[in-house]
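Colleague: target17.cif is reproduced in full below (mmCIF, C-alpha atoms and all ligand atoms).
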data_entry
#
loop_
_atom_site.group_PDB
_atom_site.id
_atom_site.type_symbol
_atom_site.label_atom_id
_atom_site.label_comp_id
_atom_site.auth_asym_id
_atom_site.auth_seq_id
_atom_site.Cartn_x
_atom_site.Cartn_y
_atom_site.Cartn_z
ATOM 1 C CA MET V 1 67.930 -4.551 49.539
ATOM 2 C CA THR V 2 66.092 -5.240 46.299
ATOM 3 C CA GLY V 3 65.740 -9.007 46.463
ATOM 4 C CA ASN V 4 66.423 -11.658 43.894
ATOM 5 C CA LYS V 5 64.584 -11.890 40.629
ATOM 6 C CA LEU V 6 62.259 -14.867 40.386
ATOM 7 C CA THR V 7 63.407 -17.229 37.654
ATOM 8 C CA ASP V 8 60.674 -19.860 37.561
ATOM 9 C CA PHE V 9 57.097 -20.575 38.612
ATOM 10 C CA SER V 10 57.847 -23.069 41.381
ATOM 11 C CA ARG V 11 56.476 -20.669 44.023
ATOM 12 C CA LEU V 12 53.693 -19.096 41.965
ATOM 13 C CA ALA V 13 50.183 -19.500 43.325
ATOM 14 C CA ILE V 14 47.027 -17.746 42.156
ATOM 15 C CA HIS V 15 43.801 -16.933 43.998
ATOM 16 C CA THR V 16 40.690 -18.137 42.192
ATOM 17 C CA ILE V 17 39.189 -14.648 42.584
ATOM 18 C CA THR V 18 41.986 -13.335 40.338
ATOM 19 C CA THR V 19 40.413 -15.105 37.384
ATOM 20 C CA LYS V 20 36.864 -14.653 38.674
ATOM 21 C CA PRO V 21 35.131 -15.284 35.332
ATOM 22 C CA TRP V 22 36.492 -18.869 35.338
ATOM 23 C CA ALA V 23 34.714 -21.656 37.224
ATOM 24 C CA ILE V 24 37.111 -23.426 39.548
ATOM 25 C CA GLU V 25 37.351 -26.435 37.208
ATOM 26 C CA THR V 26 38.564 -24.143 34.428
ATOM 27 C CA ALA V 27 40.948 -22.335 36.765
ATOM 28 C CA ILE V 28 42.506 -25.624 37.910
ATOM 29 C CA ALA V 29 43.005 -26.818 34.335
ATOM 30 C CA ARG V 30 44.365 -23.499 33.019
ATOM 31 C CA TYR V 31 46.664 -22.859 35.988
ATOM 32 C CA ALA V 32 48.089 -26.374 35.754
ATOM 33 C CA ALA V 33 48.643 -26.061 32.008
ATOM 34 C CA ALA V 34 50.384 -22.732 32.594
ATOM 35 C CA GLY V 35 52.802 -24.223 35.126
ATOM 36 C CA VAL V 36 51.289 -22.492 38.155
ATOM 37 C CA LYS V 37 52.033 -24.544 41.272
ATOM 38 C CA GLY V 38 49.525 -23.411 43.868
ATOM 39 C CA ILE V 39 45.937 -22.292 44.163
ATOM 40 C CA THR V 40 44.139 -20.388 46.904
ATOM 41 C CA VAL V 41 40.458 -21.217 46.741
ATOM 42 C CA TRP V 42 37.833 -18.566 47.463
ATOM 43 C CA ARG V 43 34.758 -19.898 49.183
ATOM 44 C CA GLN V 44 32.371 -18.700 46.486
ATOM 45 C CA ALA V 45 34.278 -20.847 43.970
ATOM 46 C CA LEU V 46 33.222 -23.884 46.014
ATOM 47 C CA GLU V 47 29.523 -23.116 45.876
ATOM 48 C CA GLY V 48 27.496 -26.201 44.970
ATOM 49 C CA ARG V 49 30.600 -28.403 45.032
ATOM 50 C CA ASN V 50 32.042 -30.979 47.397
ATOM 51 C CA PRO V 51 35.276 -29.492 48.810
ATOM 52 C CA VAL V 52 36.820 -32.966 49.179
ATOM 53 C CA LEU V 53 36.411 -33.583 45.446
ATOM 54 C CA VAL V 54 37.678 -30.113 44.537
ATOM 55 C CA GLY V 55 40.734 -30.673 46.731
ATOM 56 C CA GLN V 56 41.408 -33.993 45.000
ATOM 57 C CA ALA V 57 41.017 -32.405 41.576
ATOM 58 C CA ILE V 58 43.538 -29.729 42.513
ATOM 59 C CA LYS V 59 46.079 -32.276 43.695
ATOM 60 C CA ASN V 60 45.457 -34.538 40.697
ATOM 61 C CA ALA V 61 46.283 -31.575 38.474
ATOM 62 C CA GLY V 62 49.646 -31.257 40.221
ATOM 63 C CA LEU V 63 48.775 -28.125 42.202
ATOM 64 C CA SER V 64 49.022 -27.448 45.926
ATOM 65 C CA VAL V 65 46.014 -26.169 47.844
ATOM 66 C CA VAL V 66 47.571 -23.078 49.420
ATOM 67 C CA SER V 67 44.665 -21.761 51.485
ATOM 68 C CA LEU V 68 40.953 -21.091 51.696
ATOM 69 C CA CYS V 69 39.831 -17.469 51.375
ATOM 70 C CA ARG V 70 38.180 -16.276 53.434
ATOM 71 C CA GLY V 71 36.806 -16.281 56.935
ATOM 72 C CA GLY V 72 36.521 -13.388 59.335
ATOM 73 C CA PHE V 73 33.937 -10.565 59.461
ATOM 74 C CA PHE V 74 33.598 -11.085 63.217
ATOM 75 C CA PRO V 75 32.405 -7.657 64.442
ATOM 76 C CA ALA V 76 28.742 -6.760 64.633
ATOM 77 C CA PHE V 77 26.790 -4.493 66.912
ATOM 78 C CA ASP V 78 24.298 -7.319 67.572
ATOM 79 C CA LEU V 79 25.332 -10.355 69.578
ATOM 80 C CA LYS V 80 23.281 -12.625 67.331
ATOM 81 C CA ASN V 81 25.274 -11.544 64.280
ATOM 82 C CA ARG V 82 28.560 -12.040 66.111
ATOM 83 C CA GLN V 83 27.510 -15.575 67.032
ATOM 84 C CA ALA V 84 26.494 -16.234 63.423
ATOM 85 C CA ALA V 85 29.938 -15.050 62.305
ATOM 86 C CA ILE V 86 31.687 -17.465 64.644
ATOM 87 C CA ALA V 87 29.517 -20.333 63.365
ATOM 88 C CA ASP V 88 30.352 -19.371 59.779
ATOM 89 C CA ASN V 89 34.062 -19.298 60.548
ATOM 90 C CA LYS V 90 33.848 -22.786 61.995
ATOM 91 C CA ARG V 91 32.183 -23.882 58.738
ATOM 92 C CA ALA V 92 35.042 -22.253 56.812
ATOM 93 C CA ILE V 93 37.537 -24.197 58.927
ATOM 94 C CA ASP V 94 35.681 -27.430 58.126
ATOM 95 C CA GLU V 95 35.660 -26.561 54.410
ATOM 96 C CA ALA V 96 39.415 -25.899 54.531
ATOM 97 C CA ALA V 97 40.010 -29.261 56.200
ATOM 98 C CA ALA V 98 37.870 -31.016 53.566
ATOM 99 C CA LEU V 99 39.674 -29.205 50.772
ATOM 100 C CA GLY V 100 43.092 -29.971 52.227
ATOM 101 C CA ALA V 101 43.923 -26.298 52.774
ATOM 102 C CA PRO V 102 46.372 -25.709 55.639
ATOM 103 C CA TYR V 103 44.928 -22.348 56.599
ATOM 104 C CA VAL V 104 41.966 -19.994 56.283
ATOM 105 C CA VAL V 105 42.684 -16.346 55.505
ATOM 106 C CA LEU V 106 40.773 -13.970 57.787
ATOM 107 C CA VAL V 107 39.431 -10.652 56.569
ATOM 108 C CA CYS V 108 38.561 -9.663 60.092
ATOM 109 C CA GLY V 109 35.645 -7.276 59.502
ATOM 110 C CA ALA V 110 34.351 -4.055 61.068
ATOM 111 C CA ASP V 111 30.944 -2.592 61.833
ATOM 112 C CA PRO V 112 30.673 1.127 60.940
ATOM 113 C CA GLY V 113 27.832 1.432 63.470
ATOM 114 C CA GLN V 114 30.173 1.121 66.442
ATOM 115 C CA PRO V 115 33.599 2.415 67.542
ATOM 116 C CA LEU V 116 36.667 0.769 65.998
ATOM 117 C CA ALA V 117 37.827 -0.250 69.464
ATOM 118 C CA ASP V 118 34.648 -2.327 69.826
ATOM 119 C CA SER V 119 35.192 -3.967 66.441
ATOM 120 C CA ARG V 120 38.771 -4.755 67.407
ATOM 121 C CA ARG V 121 37.742 -6.355 70.679
ATOM 122 C CA GLN V 122 35.076 -8.421 68.889
ATOM 123 C CA ILE V 123 37.652 -9.595 66.321
ATOM 124 C CA GLU V 124 39.885 -10.838 69.109
ATOM 125 C CA ASP V 125 36.971 -12.547 70.871
ATOM 126 C CA GLY V 126 35.731 -14.069 67.598
ATOM 127 C CA ILE V 127 39.123 -15.476 66.652
ATOM 128 C CA ALA V 128 39.620 -16.809 70.184
ATOM 129 C CA ALA V 129 36.248 -18.587 69.939
ATOM 130 C CA CYS V 130 37.359 -20.426 66.776
ATOM 131 C CA LEU V 131 40.874 -21.521 67.719
ATOM 132 C CA ASP V 132 40.036 -24.802 69.422
ATOM 133 C CA HIS V 133 37.895 -25.759 66.442
ATOM 134 C CA ALA V 134 40.835 -24.886 64.172
ATOM 135 C CA ARG V 135 43.212 -26.970 66.237
ATOM 136 C CA ALA V 136 40.898 -29.998 66.122
ATOM 137 C CA ALA V 137 40.586 -29.618 62.335
ATOM 138 C CA ARG V 138 44.372 -29.083 61.953
ATOM 139 C CA VAL V 139 43.752 -25.838 60.122
ATOM 140 C CA LYS V 140 45.415 -22.510 60.898
ATOM 141 C CA LEU V 141 43.866 -19.067 60.832
ATOM 142 C CA ALA V 142 45.818 -16.318 59.058
ATOM 143 C CA ILE V 143 44.944 -12.764 60.088
ATOM 144 C CA GLU V 144 45.248 -10.521 57.031
ATOM 145 C CA PRO V 145 45.614 -6.835 57.934
ATOM 146 C CA LEU V 146 43.765 -4.652 55.424
ATOM 147 C CA HIS V 147 44.632 -1.167 54.159
ATOM 148 C CA PRO V 148 43.098 1.517 56.404
ATOM 149 C CA MET V 149 40.741 2.614 53.601
ATOM 150 C CA TYR V 150 38.746 -0.493 54.566
ATOM 151 C CA ALA V 151 38.687 0.209 58.318
ATOM 152 C CA ALA V 152 35.008 1.177 58.383
ATOM 153 C CA ASP V 153 33.508 -2.026 57.074
ATOM 154 C CA ARG V 154 36.007 -4.681 55.970
ATOM 155 C CA SER V 155 38.703 -4.856 58.608
ATOM 156 C CA ALA V 156 39.561 -3.026 61.798
ATOM 157 C CA ILE V 157 42.971 -4.737 61.687
ATOM 158 C CA ASN V 158 44.953 -2.361 59.483
ATOM 159 C CA THR V 159 48.635 -2.818 60.242
ATOM 160 C CA LEU V 160 50.944 -5.781 60.550
ATOM 161 C CA LYS V 161 51.778 -4.586 64.073
ATOM 162 C CA GLN V 162 48.117 -4.997 65.073
ATOM 163 C CA ALA V 163 48.065 -8.515 63.641
ATOM 164 C CA ASN V 164 51.352 -9.452 65.330
ATOM 165 C CA ASP V 165 50.127 -7.993 68.640
ATOM 166 C CA LEU V 166 46.911 -10.002 68.340
ATOM 167 C CA CYS V 167 48.899 -13.207 67.785
ATOM 168 C CA ASP V 168 51.077 -12.312 70.775
ATOM 169 C CA ARG V 169 48.030 -11.901 72.986
ATOM 170 C CA LEU V 170 46.196 -15.058 71.853
ATOM 171 C CA GLN V 171 49.350 -17.231 71.738
ATOM 172 C CA HIS V 172 47.931 -20.164 69.828
ATOM 173 C CA PRO V 173 49.776 -22.578 67.517
ATOM 174 C CA ASN V 174 46.911 -22.372 64.992
ATOM 175 C CA LEU V 175 47.048 -18.598 64.611
ATOM 176 C CA GLY V 176 49.247 -16.624 62.225
ATOM 177 C CA VAL V 177 49.329 -13.801 59.719
ATOM 178 C CA ALA V 178 48.949 -13.217 55.965
ATOM 179 C CA VAL V 179 51.065 -10.385 54.543
ATOM 180 C CA ASP V 180 49.506 -8.721 51.494
ATOM 181 C CA VAL V 181 51.614 -6.041 49.813
ATOM 182 C CA TYR V 182 48.496 -4.200 48.623
ATOM 183 C CA HIS V 183 47.419 -3.524 52.182
ATOM 184 C CA LEU V 184 50.777 -2.965 53.846
ATOM 185 C CA TRP V 185 53.263 -1.430 51.389
ATOM 186 C CA TRP V 186 52.804 2.112 52.768
ATOM 187 C CA ASP V 187 53.648 1.233 56.405
ATOM 188 C CA PRO V 188 56.955 2.758 57.616
ATOM 189 C CA ASP V 189 57.251 -0.080 60.151
ATOM 190 C CA LEU V 190 56.743 -2.835 57.580
ATOM 191 C CA GLU V 191 60.313 -4.178 57.448
ATOM 192 C CA HIS V 192 60.467 -4.401 61.230
ATOM 193 C CA GLU V 193 57.030 -5.991 61.570
ATOM 194 C CA ILE V 194 57.743 -8.572 58.844
ATOM 195 C CA ALA V 195 60.923 -9.544 60.685
ATOM 196 C CA ARG V 196 58.961 -9.765 63.931
ATOM 197 C CA CYS V 197 56.217 -11.806 62.251
ATOM 198 C CA GLY V 198 58.754 -14.284 60.888
ATOM 199 C CA ALA V 199 60.755 -14.539 64.110
ATOM 200 C CA SER V 200 57.571 -15.264 66.060
ATOM 201 C CA GLY V 201 56.525 -18.045 63.671
ATOM 202 C CA TYR V 202 53.380 -16.190 62.589
ATOM 203 C CA LEU V 203 54.085 -15.685 58.890
ATOM 204 C CA LEU V 204 51.808 -18.021 56.943
ATOM 205 C CA ALA V 205 51.158 -16.307 53.617
ATOM 206 C CA PHE V 206 52.428 -13.700 51.167
ATOM 207 C CA HIS V 207 49.991 -12.055 48.721
ATOM 208 C CA ILE V 208 51.147 -9.954 45.760
ATOM 209 C CA CYS V 209 49.730 -7.502 43.201
ATOM 210 C CA ASP V 210 50.274 -3.754 42.734
ATOM 211 C CA TRP V 211 48.815 -0.381 43.719
ATOM 212 C CA LEU V 212 47.618 1.729 40.792
ATOM 213 C CA THR V 213 47.655 5.522 40.716
ATOM 214 C CA PRO V 214 44.994 6.680 40.427
ATOM 215 C CA THR V 215 43.015 3.826 41.939
ATOM 216 C CA VAL V 216 39.529 4.179 40.444
ATOM 217 C CA ASP V 217 37.758 1.582 42.613
ATOM 218 C CA MET V 218 38.555 0.954 46.271
ATOM 219 C CA LEU V 219 38.046 -2.775 45.921
ATOM 220 C CA ASN V 220 38.408 -3.913 42.342
ATOM 221 C CA ASP V 221 41.235 -1.910 40.773
ATOM 222 C CA ARG V 222 44.383 -3.752 41.731
ATOM 223 C CA GLY V 223 47.273 -3.870 39.303
ATOM 224 C CA LEU V 224 49.540 -6.548 37.900
ATOM 225 C CA MET V 225 52.965 -6.797 39.470
ATOM 226 C CA GLY V 226 55.040 -3.841 38.254
ATOM 227 C CA GLU V 227 52.061 -1.793 37.056
ATOM 228 C CA GLY V 228 52.042 0.361 40.175
ATOM 229 C CA CYS V 229 54.218 1.763 42.941
ATOM 230 C CA ILE V 230 54.701 -1.138 45.386
ATOM 231 C CA PRO V 231 58.396 -2.070 45.869
ATOM 232 C CA LEU V 232 57.610 -5.753 45.436
ATOM 233 C CA ARG V 233 61.129 -7.159 45.317
ATOM 234 C CA THR V 234 62.137 -5.216 48.391
ATOM 235 C CA ILE V 235 59.148 -6.460 50.383
ATOM 236 C CA ARG V 236 59.608 -10.033 49.136
ATOM 237 C CA ALA V 237 63.253 -9.849 50.234
ATOM 238 C CA TRP V 238 62.115 -8.848 53.746
ATOM 239 C CA VAL V 239 59.681 -11.781 53.754
ATOM 240 C CA GLU V 240 62.301 -14.270 52.516
ATOM 241 C CA LYS V 241 64.864 -12.993 55.013
ATOM 242 C CA THR V 242 62.630 -14.467 57.744
ATOM 243 C CA GLY V 243 63.094 -17.915 56.197
ATOM 244 C CA PHE V 244 59.675 -17.913 54.518
ATOM 245 C CA THR V 245 59.636 -20.415 51.657
ATOM 246 C CA GLY V 246 55.914 -20.434 50.916
ATOM 247 C CA PHE V 247 54.102 -19.369 47.787
ATOM 248 C CA ASN V 248 53.953 -15.930 46.214
ATOM 249 C CA GLU V 249 50.176 -15.727 45.871
ATOM 250 C CA VAL V 250 48.868 -13.501 43.087
ATOM 251 C CA GLU V 251 45.627 -11.922 44.286
ATOM 252 C CA ILE V 252 44.260 -9.327 41.880
ATOM 253 C CA PHE V 253 40.707 -7.980 42.002
ATOM 254 C CA SER V 254 40.297 -6.026 38.792
ATOM 255 C CA ASN V 255 37.174 -5.002 36.923
ATOM 256 C CA ARG V 256 39.507 -4.060 34.065
ATOM 257 C CA TRP V 257 41.098 -7.522 33.832
ATOM 258 C CA TRP V 258 37.901 -9.473 34.560
ATOM 259 C CA ALA V 259 36.381 -7.851 31.456
ATOM 260 C CA GLN V 260 39.158 -9.245 29.283
ATOM 261 C CA ASP V 261 40.197 -12.649 28.008
ATOM 262 C CA GLN V 262 41.354 -14.619 31.080
ATOM 263 C CA ASP V 263 43.930 -16.657 29.155
ATOM 264 C CA ARG V 264 45.587 -13.393 28.157
ATOM 265 C CA PHE V 265 45.381 -12.202 31.767
ATOM 266 C CA LEU V 266 47.037 -15.411 32.965
ATOM 267 C CA ALA V 267 49.857 -14.927 30.451
ATOM 268 C CA GLU V 268 50.330 -11.366 31.755
ATOM 269 C CA ILE V 269 50.400 -12.637 35.341
ATOM 270 C CA LYS V 270 53.196 -15.040 34.438
ATOM 271 C CA ARG V 271 55.155 -12.404 32.526
ATOM 272 C CA THR V 272 54.927 -9.751 35.228
ATOM 273 C CA TYR V 273 55.591 -12.300 37.993
ATOM 274 C CA LEU V 274 59.000 -13.037 36.519
ATOM 275 C CA GLU V 275 59.811 -9.499 35.455
ATOM 276 C CA CYS V 276 58.597 -7.559 38.441
ATOM 277 C CA SER V 277 58.038 -9.698 41.532
HETATM 278 ZN ZN ZN N 1 45.325 -10.754 50.334
#
I'd like the structure from this file rewritten - as structure tokens, please.
Modeller:
Amino acid sequence: MTGNKLTDFSRLAIHTITTKPWAIETAIARYAAAGVKGITVWRQALEGRNPVLVGQAIKNAGLSVVSLCRGGFFPAFDLKNRQAAIADNKRAIDEAAALGAPYVVLVCGADPGQPLADSRRQIEDGIAACLDHARAARVKLAIEPLHPMYAADRSAINTLKQANDLCDRLQHPNLGVAVDVYHLWWDPDLEHEIARCGASGYLLAFHICDWLTPTVDMLNDRGLMGEGCIPLRTIRAWVEKTGFTGFNEVEIFSNRWWAQDQDRFLAEIKRTYLECS
């Protein structure tokens, strides 16, 4: 299955981090003018601003608030740091509610000073400690599995199966999953786990970009759609087969693109979204 070509921008959303050099006010104005329909707001873009007002500005510009990025980073060897992480996640949930974002994306975290099994247990405990707060705020938490190259320090949740299993164990209406092609494209079980994720009602978000070869920076060298080796249309077809009708969220961290004119970058995002996604 190769999936259908996208023919318009009705399901195009962009993460503010993608155009990091732009302040959020600029991003809102430029995305809206470009016909982008959704925006995922990174917490650092909100710094010094009232999230209620930012949420209103987004809606006034005709955009949907897709999500708030990001919470997580639960594991820590020290109890005090784990408690601080839970408090910070509750603040993120409150910010999402103020912004009007239906969910918070979780980059779950890992502490290289302890075994992965400990980090994984602390992630589960940390998420469990936030779920009632999320329910009260009417905000969901979306577990985003990260590529295993980040297992030491960014996320001990590295496959969609782990994320689905975690949702199975916690069984909470405010918990789901974010599927990011950058992190998951290599997984031989991906088609099956996407189907499982959809059938279980966990699938909240779909993030797109591409994997460059060689990748010169572990964090900030993502490619535009079609620049790399990810079978984007195939994976999107698996996602849509579950009944998912949410946004295709473009999330590109790129030192290369951040150094260039962001209007040109936005034009390239639109071009490659239609040609390659
Ligand atoms: Zn992502």
Colleague: Apply the PyMOL selection byres (((not hetatm)) within 7 of (chain N and resi 1)) to the displayed file and report the matching residues as number ranges by chain.
Modeller: V: 144, 180, 207, 251
Colleague: Which residue is closest to V:Asn220? Choose from V:Thr234, V:Asn4, V:Asn255, V:Asn81 and count all atoms listed in the file.
Modeller: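 Looking at the shortest contact to V:Asn220, the residue is V:Asn255.
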Colleague: For a quick check of understanding, using all atoms listed in the file, which of V:Trp185, V:Leu219, V:Glu193, V:Arg121 has the smallest distance to V:Met149?
Modeller: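 The closest residue to V:Met149 is V:Leu219.
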Colleague: With 5 Å on each side, where is the centre of the axis-aligned box around all listed atoms of stretch 98-107 of chain V, and how long are its edges in Å to one decimal, as AutoDock Vina command-line options?
Modeller:
--center_x 42.1 --center_y -20.8 --center_z 54.3 --size_x 18.5 --size_y 30.4 --size_z 17.0
Colleague: For V:Asn158, which of V:Leu175, V:Ala199, V:Leu190, V:Val52 is the closest residue, counting only C-alpha atoms?
Modeller: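 Among V:Leu175, V:Ala199, V:Leu190, V:Val52, it is V:Leu190 that comes nearest to V:Asn158.
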Colleague: For V:Phe247, find every residue with an atom within 10 Å (counting all atoms listed in the file), except residues of its own chain fewer than 4 positions away, and show them as a list in words.
Modeller: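 Using all atoms listed in the file, the neighbours found are Phe9, Ser10, Arg11, Leu12, Ala13, Ile14, Lys37, Gly38, Ile39, Ser64, Val66, Leu204, Ala205, Phe206 and His207 of chain V.
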Colleague: Residues at most 12 Å from V:Asp263, counting all atoms listed in the file, excluding those fewer than 5 positions away in the same chain, as a ChimeraX atom specification?
Modeller: /V:18-19,21-22,26-27,29-31,33-34,257-258,268-270
Colleague: Take the PyMOL selection byres (((chain V and resi 162-168) around 9) and not hetatm), run it mentally on this structure, and tell me the resulting residues as a list of chain:residue names.
Modeller: V:Glu124, V:Ile143, V:Glu144, V:Pro145, V:Ile157, V:Asn158, V:Thr159, V:Leu160, V:Lys161, V:Arg169, V:Leu170, V:Gln171, V:His172, V:Leu175, V:Gly176, V:Val177, V:Glu193, V:Arg196, V:Cys197, V:Ser200, V:Tyr202
Colleague: Given the PyMOL selection byres (((chain V and resi 41) around 7) and not hetatm) and the file above, list the residues it selects as a list of chain:residue names.
Modeller: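 Applying the expression gives V:His15, V:Thr16, V:Ile39, V:Thr40, V:Trp42, V:Arg43, V:Ala45, V:Ser67, V:Leu68, V:Cys69.
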